[in-house]
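start33.txt, holding compact mmCIF, C-alpha atoms:
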```
# COMPACT_ATOMS: atom_id res chain seq x y z
CA MET A 269 -60.32 5.93 1.20
CA PRO A 270 -59.46 5.02 4.83
CA ARG A 271 -60.17 1.43 3.99
CA ARG A 272 -57.64 1.48 1.18
CA ILE A 273 -54.95 2.89 3.50
CA VAL A 274 -55.58 0.06 5.92
CA HIS A 275 -55.15 -2.39 3.04
CA VAL A 276 -51.88 -0.81 2.02
CA ARG A 277 -50.65 -0.93 5.61
CA LEU A 278 -51.55 -4.57 5.95
CA MET A 279 -49.80 -5.37 2.71
CA LEU A 280 -46.68 -3.51 3.80
CA ALA A 281 -46.61 -5.34 7.11
CA GLY A 282 -47.04 -8.63 5.30
CA LEU A 283 -44.22 -7.84 2.91
CA LEU A 284 -41.91 -6.93 5.79
CA LEU A 285 -42.71 -10.14 7.62
CA ALA A 286 -42.08 -12.17 4.49
CA ALA A 287 -38.74 -10.44 3.95
CA ALA A 288 -37.72 -11.10 7.57
CA ALA A 289 -38.70 -14.75 7.23
CA LEU A 290 -36.66 -15.06 4.04
CA LEU A 291 -33.63 -13.45 5.73
CA LEU A 292 -33.90 -15.79 8.71
CA ALA A 293 -34.23 -18.78 6.41
CA GLY A 294 -31.01 -17.71 4.67
CA CYS A 295 -29.09 -17.71 7.98
CA SER A 296 -27.55 -20.92 9.15
CA PRO A 297 -26.08 -21.27 12.65
CA VAL A 298 -22.68 -19.50 12.84
CA GLU A 299 -19.94 -21.99 12.26
CA ALA A 300 -17.13 -22.20 14.76
CA PRO A 301 -13.72 -21.55 13.25
CA GLN A 302 -11.50 -24.45 12.29
CA MET A 303 -9.27 -24.99 15.26
CA MET A 304 -5.83 -26.46 15.20
CA GLU A 305 -5.45 -29.64 17.25
CA ALA A 306 -3.36 -29.18 20.38
CA ARG A 307 -0.10 -31.04 20.20
CA GLY A 308 -0.27 -32.49 23.71
CA ASP A 309 -2.79 -35.11 24.79
CA GLN A 310 -4.30 -33.26 27.69
CA CYS A 311 -4.70 -29.64 28.71
CA VAL A 312 -3.23 -28.34 31.95
CA GLU A 313 -6.71 -27.84 33.38
CA PRO A 314 -10.14 -29.29 32.50
CA VAL A 315 -11.38 -27.85 29.22
CA GLU A 316 -14.35 -26.04 30.77
CA VAL A 317 -12.05 -24.35 33.29
CA ILE A 318 -9.61 -23.29 30.60
CA ARG A 319 -12.38 -21.99 28.36
CA ARG A 320 -13.84 -19.81 31.08
CA ASP A 321 -10.83 -18.83 33.12
CA HIS A 322 -7.66 -19.00 31.02
CA MET A 323 -7.31 -15.22 31.25
CA THR A 324 -7.52 -15.30 35.05
CA ILE A 325 -4.89 -18.03 35.23
CA LEU A 326 -2.55 -16.13 32.91
CA LYS A 327 -3.06 -12.89 34.81
CA ALA A 328 -2.20 -14.47 38.15
CA GLU A 329 0.75 -16.21 36.54
CA LYS A 330 2.25 -13.09 34.99
CA ASP A 331 2.44 -11.18 38.28
CA ARG A 332 4.08 -14.05 40.08
CA ALA A 333 6.52 -14.71 37.25
CA VAL A 334 7.60 -11.12 36.71
CA ASN A 335 7.64 -9.81 40.28
CA LEU A 336 8.50 -12.88 42.31
CA GLY A 337 10.38 -15.01 39.81
CA VAL A 338 7.99 -17.94 40.29
CA ARG A 339 7.77 -19.63 36.93
CA ASN A 340 5.12 -22.24 36.36
CA PRO A 341 5.57 -23.52 32.82
CA ASP A 342 2.13 -25.13 32.76
CA HIS A 343 0.28 -21.92 33.43
CA SER A 344 2.47 -19.63 31.37
CA ILE A 345 1.57 -18.07 28.06
CA ARG A 346 4.61 -19.88 26.73
CA GLY A 347 3.02 -23.15 27.77
CA CYS A 348 -0.16 -22.30 25.82
CA VAL A 349 1.79 -21.34 22.73
CA ASN A 350 4.07 -24.37 22.87
CA CYS A 351 1.13 -26.74 22.67
CA HIS A 352 -1.53 -24.86 20.77
CA VAL A 353 0.37 -23.01 18.08
CA SER A 354 2.11 -24.52 15.10
CA PRO A 355 5.84 -23.73 14.84
CA THR A 356 5.11 -22.51 11.33
CA ALA A 357 2.18 -20.35 12.44
CA SER A 358 1.65 -16.88 11.14
CA ARG A 359 -0.23 -14.01 12.70
CA ASP A 360 -1.66 -13.27 9.27
CA ASP A 361 -3.18 -16.72 8.94
CA PRO A 362 -5.30 -17.27 12.05
CA ALA A 363 -6.09 -20.86 11.05
CA THR A 364 -2.58 -21.82 12.11
CA HIS A 365 -2.84 -19.90 15.36
CA PHE A 366 -5.19 -21.33 17.99
CA CYS A 367 -5.26 -18.27 20.25
CA LEU A 368 -5.71 -15.69 17.50
CA ASN A 369 -8.27 -17.85 15.70
CA CYS A 370 -10.67 -17.98 18.62
CA HIS A 371 -10.05 -14.40 19.65
CA THR A 372 -10.81 -13.20 16.13
CA PHE A 373 -13.99 -15.28 16.10
CA THR A 374 -15.19 -13.91 19.44
CA ALA A 375 -14.00 -10.38 18.58
CA VAL A 376 -11.85 -10.13 21.70
CA ARG A 377 -8.74 -8.12 21.04
CA MET A 378 -5.70 -9.14 22.97
CA ASP A 379 -2.27 -7.59 23.06
CA CYS A 380 -0.25 -10.57 24.33
CA PHE A 381 1.49 -11.18 21.04
CA GLN A 382 2.63 -7.62 20.56
CA CYS A 383 5.38 -8.54 22.99
CA HIS A 384 5.27 -12.30 23.55
CA ALA A 385 6.54 -14.77 21.02
CA ASP A 386 3.58 -16.00 18.99
CA LYS A 387 4.98 -19.40 18.12
CA PRO A 388 6.96 -22.09 19.91
CA ALA A 389 10.72 -21.90 19.73
CA ASN A 390 11.18 -25.64 19.98
CA GLU A 391 9.34 -27.79 17.45
CA ASP A 392 9.35 -30.91 19.60
CA TYR A 393 7.98 -29.36 22.73
CA ARG A 394 5.12 -31.05 24.56
CA HIS A 395 3.93 -30.01 27.97
CA ALA A 396 3.73 -32.46 30.85
CA LEU A 397 0.73 -34.73 30.83
CA ASN A 398 0.35 -34.59 34.60
CA PRO A 399 -0.19 -30.91 35.09
CA HIS A 400 0.34 -29.08 38.34
CA GLY A 401 -2.52 -27.96 40.54
CA PRO A 402 -4.57 -24.86 39.90
CA ALA A 403 -2.86 -21.50 39.63
CA HIS A 404 -1.90 -19.72 42.81
CA GLY A 405 -4.76 -17.77 44.38
CA PHE A 406 -7.13 -19.20 41.83
CA GLN A 407 -10.35 -20.92 42.86
CA LEU A 408 -11.75 -23.42 40.45
CA ALA A 409 -15.45 -22.93 39.84
CA ASP A 410 -17.29 -26.05 41.02
CA SER A 411 -20.95 -26.93 40.76
CA LYS A 412 -21.56 -25.68 44.32
CA SER A 413 -20.12 -22.24 43.68
CA LEU A 414 -21.98 -22.01 40.39
CA ALA A 415 -25.23 -22.91 42.18
CA ARG A 416 -24.47 -20.23 44.79
CA ASP A 417 -23.88 -17.67 42.04
CA MET A 418 -27.15 -18.66 40.39
CA GLU A 419 -29.06 -18.34 43.66
CA ALA A 420 -27.59 -14.89 44.24
CA ILE A 421 -28.59 -13.79 40.74
CA LEU A 422 -32.11 -15.13 41.15
CA ALA A 423 -32.45 -13.43 44.54
CA LEU A 424 -31.33 -10.13 43.03
CA GLU A 425 -33.80 -10.47 40.19
CA GLY A 426 -36.54 -11.26 42.70
CA GLN A 427 -35.77 -8.07 44.61
CA GLU A 428 -35.91 -5.98 41.45
CA GLN A 429 -39.38 -7.31 40.64
CA MET B 110 -4.52 -11.48 43.60
CA SER B 111 -2.07 -9.08 42.10
CA ASP B 112 1.38 -9.17 43.65
CA GLU B 113 2.47 -5.74 42.46
CA ARG B 114 5.29 -4.30 44.49
CA THR B 115 6.08 -0.77 45.39
CA PRO B 116 9.68 0.46 45.28
CA ASN B 117 11.33 0.06 48.65
CA LEU B 118 12.00 3.78 48.93
CA SER B 119 9.25 6.17 47.91
CA ARG B 120 10.05 9.50 46.33
CA ARG B 121 8.71 11.37 49.34
CA GLN B 122 10.76 9.22 51.68
CA PHE B 123 13.79 9.82 49.52
CA ILE B 124 13.38 13.58 49.53
CA THR B 125 12.51 14.00 53.18
CA GLY B 126 14.72 11.23 54.45
CA ALA B 127 11.72 10.15 56.47
CA ALA B 128 12.10 6.49 55.70
CA ALA B 129 12.33 4.56 58.92
CA ALA B 130 14.36 1.95 57.09
CA VAL B 131 17.00 4.50 56.13
CA ALA B 132 19.41 5.63 58.76
CA SER B 133 21.78 8.04 57.11
CA LEU B 134 24.76 9.59 58.75
CA THR B 135 26.58 12.59 57.36
CA VAL B 136 30.31 12.08 57.75
CA ALA B 137 31.43 15.19 55.88
CA PRO B 138 29.69 17.52 53.44
CA GLY B 139 28.62 15.39 50.50
CA VAL B 140 29.76 12.13 52.11
CA PHE B 141 27.07 9.92 53.52
CA LEU B 142 27.10 6.63 55.20
CA LEU B 143 23.83 5.42 53.86
CA LYS B 144 22.44 2.35 55.47
CA THR B 145 19.29 1.17 53.81
CA SER B 146 17.69 -2.09 54.53
CA SER B 147 17.82 -4.12 51.39
CA ALA B 148 15.93 -6.60 53.55
CA SER B 149 12.87 -4.40 53.06
CA ILE B 150 12.19 -6.54 50.02
CA PRO B 151 11.38 -9.89 51.57
CA ASP B 152 12.65 -13.01 49.87
CA SER B 153 10.20 -14.23 47.33
CA PRO B 154 9.51 -17.88 46.63
CA GLY B 155 10.96 -17.73 43.13
CA THR B 156 14.33 -16.17 43.92
CA LYS B 157 17.37 -17.55 45.70
CA PRO B 158 17.06 -16.53 49.37
CA GLY B 159 19.45 -13.79 50.41
CA ALA B 160 21.10 -13.54 47.01
CA ARG B 161 22.14 -10.35 45.28
CA TRP B 162 23.33 -10.93 41.75
CA GLY B 163 26.03 -8.76 40.29
CA ILE B 164 28.79 -8.54 37.71
CA LEU B 165 32.40 -7.55 38.19
CA ILE B 166 34.15 -6.13 35.13
CA ASP B 167 37.92 -5.87 35.01
CA SER B 168 38.62 -3.03 32.60
CA ASN B 169 42.32 -3.94 32.60
CA LYS B 170 41.41 -7.12 30.75
CA CYS B 171 38.56 -5.72 28.66
CA GLY B 172 39.92 -5.00 25.22
CA ASP B 173 38.77 -3.97 21.84
CA CYS B 174 36.19 -6.72 21.40
CA ASN B 175 32.43 -6.61 21.23
CA ALA B 176 31.60 -10.19 22.24
CA CYS B 177 29.43 -9.23 25.23
CA VAL B 178 27.29 -6.82 23.20
CA THR B 179 26.76 -9.29 20.37
CA ALA B 180 25.96 -12.16 22.74
CA CYS B 181 23.50 -10.08 24.80
CA HIS B 182 21.59 -8.86 21.81
CA GLU B 183 21.50 -12.31 20.28
CA GLU B 184 20.36 -13.91 23.53
CA ASN B 185 17.50 -11.45 23.97
CA GLY B 186 16.51 -10.99 20.34
CA VAL B 187 17.51 -7.32 20.25
CA LYS B 188 17.92 -6.45 16.60
CA SER B 189 19.09 -3.26 14.99
CA LEU B 190 16.68 -1.49 12.66
CA ASN B 191 19.56 0.57 11.30
CA ARG B 192 18.33 3.60 13.20
CA PRO B 193 21.13 4.26 15.68
CA ARG B 194 19.29 7.07 17.45
CA THR B 195 16.39 4.86 18.48
CA ASP B 196 17.72 1.29 18.29
CA ALA B 197 17.42 -0.58 21.57
CA GLN B 198 20.70 -1.04 23.39
CA TRP B 199 20.88 -3.30 26.41
CA ILE B 200 24.65 -3.15 26.72
CA ARG B 201 27.22 -0.98 25.00
CA LYS B 202 30.96 -0.54 24.92
CA VAL B 203 32.14 2.79 26.25
CA GLU B 204 35.59 4.17 25.65
CA ILE B 205 37.01 6.55 28.22
CA THR B 206 40.20 8.55 27.78
CA ASP B 207 42.18 10.37 30.41
CA ARG B 208 42.80 13.73 28.79
CA ALA B 209 45.90 14.37 30.86
CA THR B 210 47.71 11.19 29.90
CA GLY B 211 45.86 10.12 26.80
CA HIS B 212 45.42 6.69 28.34
CA SER B 213 42.17 5.16 27.16
CA ARG B 214 40.26 2.03 27.94
CA SER B 215 37.07 0.38 26.87
CA LEU B 216 34.44 -1.19 29.07
CA PRO B 217 30.88 -2.50 28.79
CA VAL B 218 28.08 -0.54 30.45
CA MET B 219 24.64 -1.97 31.00
CA CYS B 220 21.90 -1.62 33.64
CA GLN B 221 23.86 -1.43 36.88
CA HIS B 222 21.09 -3.05 38.95
CA CYS B 223 21.23 -0.46 41.70
CA GLU B 224 20.21 -1.16 45.25
CA HIS B 225 18.35 2.17 45.15
CA PRO B 226 17.27 2.38 41.53
CA PRO B 227 16.26 5.92 40.48
CA CYS B 228 14.22 4.37 37.67
CA ALA B 229 11.98 2.66 40.21
CA ASP B 230 11.72 5.84 42.28
CA VAL B 231 10.34 7.90 39.41
CA CYS B 232 8.16 5.23 37.82
CA PRO B 233 4.53 6.42 38.05
CA THR B 234 3.00 2.96 37.70
CA GLY B 235 5.38 0.77 39.67
CA ALA B 236 6.47 -0.99 36.48
CA SER B 237 10.16 -0.40 37.27
CA PHE B 238 11.03 -2.43 40.30
CA ARG B 239 13.80 -4.29 42.04
CA ARG B 240 13.39 -7.98 42.56
CA ALA B 241 14.25 -9.64 45.86
CA ASP B 242 17.54 -10.88 44.41
CA GLY B 243 18.59 -7.38 43.34
CA ILE B 244 17.67 -7.53 39.66
CA VAL B 245 16.08 -4.31 38.42
CA LEU B 246 13.37 -5.03 35.87
CA VAL B 247 10.57 -3.41 33.90
CA ASN B 248 7.19 -5.06 34.27
CA LYS B 249 6.03 -4.41 30.73
CA HIS B 250 2.47 -5.33 31.66
CA THR B 251 2.32 -2.13 33.74
CA CYS B 252 4.77 0.08 31.78
CA ILE B 253 2.96 2.93 30.05
CA GLY B 254 6.01 4.08 28.10
CA CYS B 255 6.36 7.48 29.79
CA ARG B 256 10.18 7.17 29.78
CA TYR B 257 10.69 8.91 33.14
CA CYS B 258 13.03 6.07 34.04
CA MET B 259 15.17 6.78 31.00
CA MET B 260 15.59 10.35 32.18
CA ALA B 261 16.29 9.26 35.75
CA CYS B 262 18.88 6.59 34.98
CA PRO B 263 22.37 8.09 35.33
CA TYR B 264 23.83 5.22 33.27
CA LYS B 265 21.63 5.68 30.18
CA ALA B 266 20.88 2.02 30.47
CA ARG B 267 17.33 1.97 29.18
CA SER B 268 15.80 1.96 25.73
CA PHE B 269 12.33 2.68 24.46
CA ILE B 270 10.78 0.58 21.73
CA HIS B 271 9.41 2.89 19.08
CA GLU B 272 8.22 0.45 16.48
CA PRO B 273 6.16 -2.75 16.34
CA LEU B 274 8.39 -5.80 16.70
CA GLU B 275 8.06 -9.31 15.35
CA ASP B 276 9.70 -12.65 16.04
CA GLN B 277 10.54 -11.97 19.67
CA LEU B 278 12.09 -14.80 21.61
CA PRO B 279 9.84 -16.74 24.01
CA HIS B 280 12.00 -15.95 27.05
CA ALA B 281 12.42 -12.25 26.21
CA PRO B 282 9.09 -10.54 25.50
CA ARG B 283 9.62 -7.06 24.05
CA GLY B 284 7.18 -4.70 22.44
CA LYS B 285 6.35 -1.28 21.16
CA GLY B 286 5.55 1.41 23.72
CA THR B 287 7.52 -0.03 26.62
CA VAL B 288 10.93 0.66 28.09
CA GLU B 289 13.46 -2.12 28.45
CA SER B 290 16.98 -2.74 29.63
CA CYS B 291 19.39 -5.46 30.68
CA THR B 292 17.54 -8.08 32.74
CA LEU B 293 20.73 -9.69 34.01
CA CYS B 294 19.51 -12.64 31.92
CA VAL B 295 16.76 -13.23 34.46
CA HIS B 296 15.42 -16.15 32.41
CA ARG B 297 18.74 -17.94 32.88
CA ILE B 298 18.86 -17.19 36.60
CA ASP B 299 15.32 -18.48 37.07
CA ARG B 300 16.33 -21.65 35.21
CA GLY B 301 19.08 -22.08 37.79
CA GLU B 302 21.97 -21.07 35.55
CA ARG B 303 24.60 -18.95 37.22
CA THR B 304 25.92 -16.89 34.33
CA THR B 305 24.67 -14.33 31.85
CA ALA B 306 25.05 -14.22 28.07
CA CYS B 307 27.61 -11.39 28.24
CA VAL B 308 29.76 -13.03 30.91
CA GLU B 309 29.65 -16.35 29.10
CA ALA B 310 30.67 -14.74 25.81
CA CYS B 311 33.42 -12.71 27.47
CA ARG B 312 34.89 -15.87 28.95
CA LYS B 313 34.60 -17.83 25.71
CA ASP B 314 35.25 -15.34 22.91
CA GLY B 315 36.51 -12.29 24.76
CA ASN B 316 39.18 -11.60 27.31
CA GLY B 317 37.61 -13.12 30.42
CA ALA B 318 37.07 -9.70 31.92
CA MET B 319 33.65 -10.36 33.48
CA VAL B 320 32.55 -12.38 36.50
CA PHE B 321 28.95 -13.03 37.46
CA GLY B 322 27.98 -14.03 40.97
CA ASN B 323 26.23 -13.53 44.26
CA LEU B 324 27.50 -10.38 45.99
CA ASN B 325 25.96 -11.48 49.28
CA ASP B 326 27.85 -14.77 49.36
CA PRO B 327 31.35 -14.13 50.75
CA ASP B 328 32.63 -17.38 49.21
CA SER B 329 31.55 -16.60 45.64
CA GLU B 330 34.25 -15.77 43.11
CA ILE B 331 32.92 -12.25 42.62
CA SER B 332 32.95 -11.51 46.36
CA ARG B 333 36.44 -12.95 46.82
CA ARG B 334 37.77 -10.86 43.95
CA LEU B 335 36.08 -7.75 45.29
CA ALA B 336 37.46 -8.40 48.76
CA GLN B 337 40.95 -8.92 47.42
CA TYR B 338 41.24 -6.27 44.73
CA GLY B 339 38.31 -3.96 45.40
CA GLY B 340 35.96 -2.61 42.79
CA VAL B 341 34.32 0.72 42.12
CA ALA B 342 30.86 1.71 41.04
CA ILE B 343 30.43 4.18 38.21
CA ARG B 344 29.05 7.43 39.66
CA ALA B 345 29.58 6.10 43.18
CA ASP B 346 28.83 9.65 44.36
CA LEU B 347 25.14 9.04 43.73
CA GLY B 348 25.03 6.41 46.45
CA LEU B 349 22.97 3.99 44.39
CA ASN B 350 25.07 0.95 45.30
CA PRO B 351 24.95 -0.74 41.92
CA GLY B 352 25.37 -4.49 41.51
CA VAL B 353 27.76 -4.01 38.59
CA ARG B 354 31.29 -3.17 39.72
CA TYR B 355 34.42 -2.22 37.82
CA GLN B 356 38.12 -2.72 38.42
CA GLY B 357 40.94 -0.71 36.91
CA LEU B 358 39.07 2.54 36.36
```

What is this structure when it is put down as C-alpha cells?
Amino acid sequence: MPRRIVHVRLMLAGLLLAAAALLLAGCSPVEAPQMMEARGDQCVEPVEVIRRDHMTILKAEKDRAVNLGVRNPDHSIRGCVNCHVSPTASRDDPATHFCLNCHTFTAVRMDCFQCHADKPANEDYRHALNPHGPAHGFQLADSKSLARDMEAILALEGQEQ
Amino acid sequence: MSDERTPNLSRRQFITGAAAAVASLTVAPGVFLLKTSSASIPDSPGTKPGARWGILIDSNKCGDCNACVTACHEENGVKSLNRPRTDAQWIRKVEITDRATGHSRSLPVMCQHCEHPPCADVCPTGASFRRADGIVLVNKHTCIGCRYCMMACPYKARSFIHEPLEDQLPHAPRGKGTVESCTLCVHRIDRGERTTACVEACRKDGNGAMVFGNLNDPDSEISRRLAQYGGVAIRADLGLNPGVRYQGL
C-alpha cells in the first residue's frame, strides 16, 4: 500500500509540473503598448532621464509655477501634452493618449488629468528643439551617481549578511 | 525642493497680535491704523518686482451689462451645469439698492485679492496663499476641499467644484474636490499681458468701468485715478486691504 501512495504522489507531482510547463509555454513576453509618436523631434531631456524622472521634474515645476510664477514651458505638463498627445485624443481611448497609455500599462494611477487639460489646445504646437537646462533643484542621474548608489546598496547588503 | 509658502500672517499671530511684522495702532475704538509689511513676501523670480496688481471699478459707469462675467467664464472655461446652487462663479454682478432713496446700482464682485486674505489664514494645508505680486490663489495640488476658505471669505468669492469636469482649458486647470476663485487672470499676467479678461471685455463690449494695473506704481493709470478720485474697498471695516477698489459706492 505505501508504495502505491508514493506512486500516486509522484504522478501528481509530474502532472503539476507538466501543467506548469504548458502554462509557461503559452505565455509570450508581455507586449509594450502601442505608443503614439511624439510630434516634436527631440524630447526636452534625454529619454532615459525622462523615463525615470519625469515625475520629479513635473513636481518641482508645479511648485515653482504655482507659488512663484516661474513658468518653464519645456518642463510643464502642458509641454508634455502639447507634444505627446493627439489633439483628437480621448481619455477613453488610451492609444491616442501617450501619458494614459503608459500609465495604464504600468498600472500607475495618476490624477493630473482630473484637473489639467488632457489634450493640446493648439494643433500646430511643437516645443522648442533646443530645450532649456534641467529643472530647478533637479540633479540629473549620471553614471557616477548611479555607481555610488550601487556601491551603497551592495555595502548595505553585505552588512545584512 | 518644495517651495510651499506659509501665509504671511499666521492665525495665532493674527489673534494675539504678536506678529513682529505688524505694528498696529488703535486710533479710536474700532479704528486701527494697521501697518503690515507686505514686504514679508519676498519678490519671487517669476513675478514683477514690487508689483501689486489690482482692479478699479467705477460703479457710476457700470451698467446693466454682463460682459465681464461672460468673458471671465469663457476665458477660464467655467461652464454652468444648470445647477445654480453649486455652479462655480468666479465673478458675479451684484445689485445694491439704497432703501432710503431707492437708488440702485450694479457692480461686479470677484475675489478682492486682499493683502491679508482670511482664506489663507484659515487654510489648513497652505493651499490658499498670496503671491508676491498680491494675487491670491488656490494651489489645487495641496487643496483638500475642506472649504474653510469659502466660509472665511467675506466676499463669497470662492466656489467648490462638486462634480468631475472635462475639457478644461490648458491655462486654467480645474477639478472636482478643490476650491477655486478669480485668479486675476494669472496666466495672462505671467505671459506679460497687463489686462484681465473682465477688464478687456468691459472696455470693448461694456461701459469701460474697469481699470487693471499696478497699485504700487504711482504712475499707473489705476494709481492716478485712485489718487485723483479715491476708491473704497467693500467691507473696508475688516482691514483686509483688498486689491479690488470701487468708485461711486

Can you list every residue of chain B that has an atom at most 9 Å from chain A, with its nearest atom pair and the distance in Å to one decimal, using only C-alpha atoms, ordered by chain then number, as a Markdown table?
```
| residue | atom | partner | partner_atom | distance |
| --- | --- | --- | --- | --- |
| B:Met110 | CA | A:Gly405 | CA | 6.3 |
| B:Ser111 | CA | A:Asp331 | CA | 6.3 |
| B:Asp112 | CA | A:Asp331 | CA | 5.8 |
| B:Glu113 | CA | A:Asp331 | CA | 6.9 |
| B:Arg114 | CA | A:Asn335 | CA | 7.3 |
| B:Asp152 | CA | A:Leu336 | CA | 8.6 |
| B:Ser153 | CA | A:Leu336 | CA | 5.5 |
| B:Pro154 | CA | A:Val338 | CA | 6.5 |
| B:Gly155 | CA | A:Val338 | CA | 4.1 |
| B:Thr156 | CA | A:Gly337 | CA | 5.8 |
| B:Phe238 | CA | A:Asn335 | CA | 8.1 |
| B:Arg239 | CA | A:Asn335 | CA | 8.5 |
| B:Arg240 | CA | A:Asn335 | CA | 6.5 |
| B:Ala241 | CA | A:Leu336 | CA | 7.5 |
| B:Leu246 | CA | A:Val334 | CA | 8.4 |
| B:Val247 | CA | A:Val334 | CA | 8.7 |
| B:Asn248 | CA | A:Val334 | CA | 6.5 |
| B:Lys249 | CA | A:Cys383 | CA | 8.8 |
| B:His250 | CA | A:Lys330 | CA | 8.4 |
| B:Pro273 | CA | A:Gln382 | CA | 7.3 |
| B:Leu274 | CA | A:Gln382 | CA | 7.2 |
| B:Glu275 | CA | A:Gln382 | CA | 7.7 |
| B:Asp276 | CA | A:Ala385 | CA | 6.3 |
| B:Gln277 | CA | A:Ala385 | CA | 5.1 |
| B:Leu278 | CA | A:Ala385 | CA | 5.6 |
| B:Pro279 | CA | A:Ala385 | CA | 4.9 |
| B:His280 | CA | A:Ala385 | CA | 8.2 |
| B:Ala281 | CA | A:His384 | CA | 7.6 |
| B:Pro282 | CA | A:His384 | CA | 4.6 |
| B:Arg283 | CA | A:Cys383 | CA | 4.6 |
| B:Gly284 | CA | A:Cys383 | CA | 4.3 |
| B:Lys285 | CA | A:Gln382 | CA | 7.4 |
| B:Val295 | CA | A:Gly337 | CA | 8.5 |
| B:Asp299 | CA | A:Gly337 | CA | 6.6 |
| B:Arg300 | CA | A:Arg339 | CA | 9.0 |
```

Spatial neighbours of Arg201 (chain B), 9 Å, only C-alpha atoms, chain gap at least 3 places, as a VMD selection string:
chain B and resid 175 177 to 178 198 216 to 219 266

Go through A:Ser344, A:Cys370, A:Val276, A:Leu284 one by one, measure the shortest atom-to-atom distance of each to Met303 (chain A) using all atoms listed in the file, and give the residue with the smallest value.
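Looking only at the distances to Met303 (chain A), the closest residue turns out to be A:Cys370.
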
Could you check which of A:Met304, A:Leu278, A:Leu283, A:Met418 is closest to Cys367 (chain A), using all atoms listed in the file?
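Selected residue with least distance to Cys367 (chain A): A:Met304.
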
My list of candidates is B:Asp346, B:Arg354, B:Val187, B:Ile244. Which is closest to Arg334 (chain B) when distances are computed with all atoms listed in the file?
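That would be B:Arg354, the residue with the smallest distance to Arg334 (chain B).
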
Rounded to one decimal place, report the CA of Ile270 (chain B)-CA of Leu326 (chain A) distance in Å.
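Atom-to-atom, CA of Ile270 (chain B) to CA of Leu326 (chain A), that is 24.1 Å.
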
Please provide the set of residues having any atom within 12 Å of Arg192 (chain B), restricted to all atoms listed in the file, with same-chain residues fewer than 4 positions apart removed, written as a ChimeraX atom specification.
/B:188,196-198,270-272

Step by step: locate region 201-212 of chain B in the block above, keep N, CA, C and O atoms, then write the file as a PDB file, in the first residue's frame.
```pdb
ATOM      1  N   ARG B 201     -19.394  87.838 -10.326  1.00  0.00           N
ATOM      2  CA  ARG B 201     -20.842  87.950 -10.456  1.00  0.00           C
ATOM      3  C   ARG B 201     -21.237  89.414 -10.384  1.00  0.00           C
ATOM      4  O   ARG B 201     -20.512  90.239  -9.826  1.00  0.00           O
ATOM      5  N   LYS B 202     -22.375  89.720 -10.955  1.00  0.00           N
ATOM      6  CA  LYS B 202     -22.883  91.078 -10.862  1.00  0.00           C
ATOM      7  C   LYS B 202     -23.780  91.156  -9.636  1.00  0.00           C
ATOM      8  O   LYS B 202     -24.638  90.308  -9.418  1.00  0.00           O
ATOM      9  N   VAL B 203     -23.561  92.193  -8.840  1.00  0.00           N
ATOM     10  CA  VAL B 203     -24.346  92.390  -7.630  1.00  0.00           C
ATOM     11  C   VAL B 203     -25.092  93.700  -7.765  1.00  0.00           C
ATOM     12  O   VAL B 203     -24.534  94.696  -8.225  1.00  0.00           O
ATOM     13  N   GLU B 204     -26.374  93.671  -7.416  1.00  0.00           N
ATOM     14  CA  GLU B 204     -27.135  94.910  -7.485  1.00  0.00           C
ATOM     15  C   GLU B 204     -27.413  95.390  -6.070  1.00  0.00           C
ATOM     16  O   GLU B 204     -27.883  94.609  -5.227  1.00  0.00           O
ATOM     17  N   ILE B 205     -27.077  96.622  -5.783  1.00  0.00           N
ATOM     18  CA  ILE B 205     -27.328  97.154  -4.442  1.00  0.00           C
ATOM     19  C   ILE B 205     -28.288  98.332  -4.554  1.00  0.00           C
ATOM     20  O   ILE B 205     -28.206  99.132  -5.487  1.00  0.00           O
ATOM     21  N   THR B 206     -29.223  98.400  -3.621  1.00  0.00           N
ATOM     22  CA  THR B 206     -30.225  99.456  -3.640  1.00  0.00           C
ATOM     23  C   THR B 206     -30.230 100.174  -2.295  1.00  0.00           C
ATOM     24  O   THR B 206     -30.225  99.521  -1.241  1.00  0.00           O
ATOM     25  N   ASP B 207     -30.205 101.474  -2.359  1.00  0.00           N
ATOM     26  CA  ASP B 207     -30.331 102.272  -1.139  1.00  0.00           C
ATOM     27  C   ASP B 207     -31.814 102.321  -0.786  1.00  0.00           C
ATOM     28  O   ASP B 207     -32.613 102.885  -1.546  1.00  0.00           O
ATOM     29  N   ARG B 208     -32.160 101.728   0.343  1.00  0.00           N
ATOM     30  CA  ARG B 208     -33.585 101.627   0.681  1.00  0.00           C
ATOM     31  C   ARG B 208     -34.202 103.003   0.888  1.00  0.00           C
ATOM     32  O   ARG B 208     -35.372 103.223   0.608  1.00  0.00           O
ATOM     33  N   ALA B 209     -33.409 103.928   1.388  1.00  0.00           N
ATOM     34  CA  ALA B 209     -33.949 105.259   1.684  1.00  0.00           C
ATOM     35  C   ALA B 209     -34.342 105.991   0.412  1.00  0.00           C
ATOM     36  O   ALA B 209     -35.411 106.602   0.342  1.00  0.00           O
ATOM     37  N   THR B 210     -33.462 105.908  -0.595  1.00  0.00           N
ATOM     38  CA  THR B 210     -33.730 106.682  -1.808  1.00  0.00           C
ATOM     39  C   THR B 210     -34.229 105.836  -2.958  1.00  0.00           C
ATOM     40  O   THR B 210     -34.750 106.367  -3.941  1.00  0.00           O
ATOM     41  N   GLY B 211     -34.040 104.530  -2.850  1.00  0.00           N
ATOM     42  CA  GLY B 211     -34.424 103.671  -3.960  1.00  0.00           C
ATOM     43  C   GLY B 211     -33.407 103.674  -5.087  1.00  0.00           C
ATOM     44  O   GLY B 211     -33.602 103.035  -6.120  1.00  0.00           O
ATOM     45  N   HIS B 212     -32.304 104.382  -4.871  1.00  0.00           N
ATOM     46  CA  HIS B 212     -31.269 104.435  -5.907  1.00  0.00           C
ATOM     47  C   HIS B 212     -30.513 103.117  -5.940  1.00  0.00           C
ATOM     48  O   HIS B 212     -30.038 102.636  -4.907  1.00  0.00           O
TER      49      HIS B 212
END
```
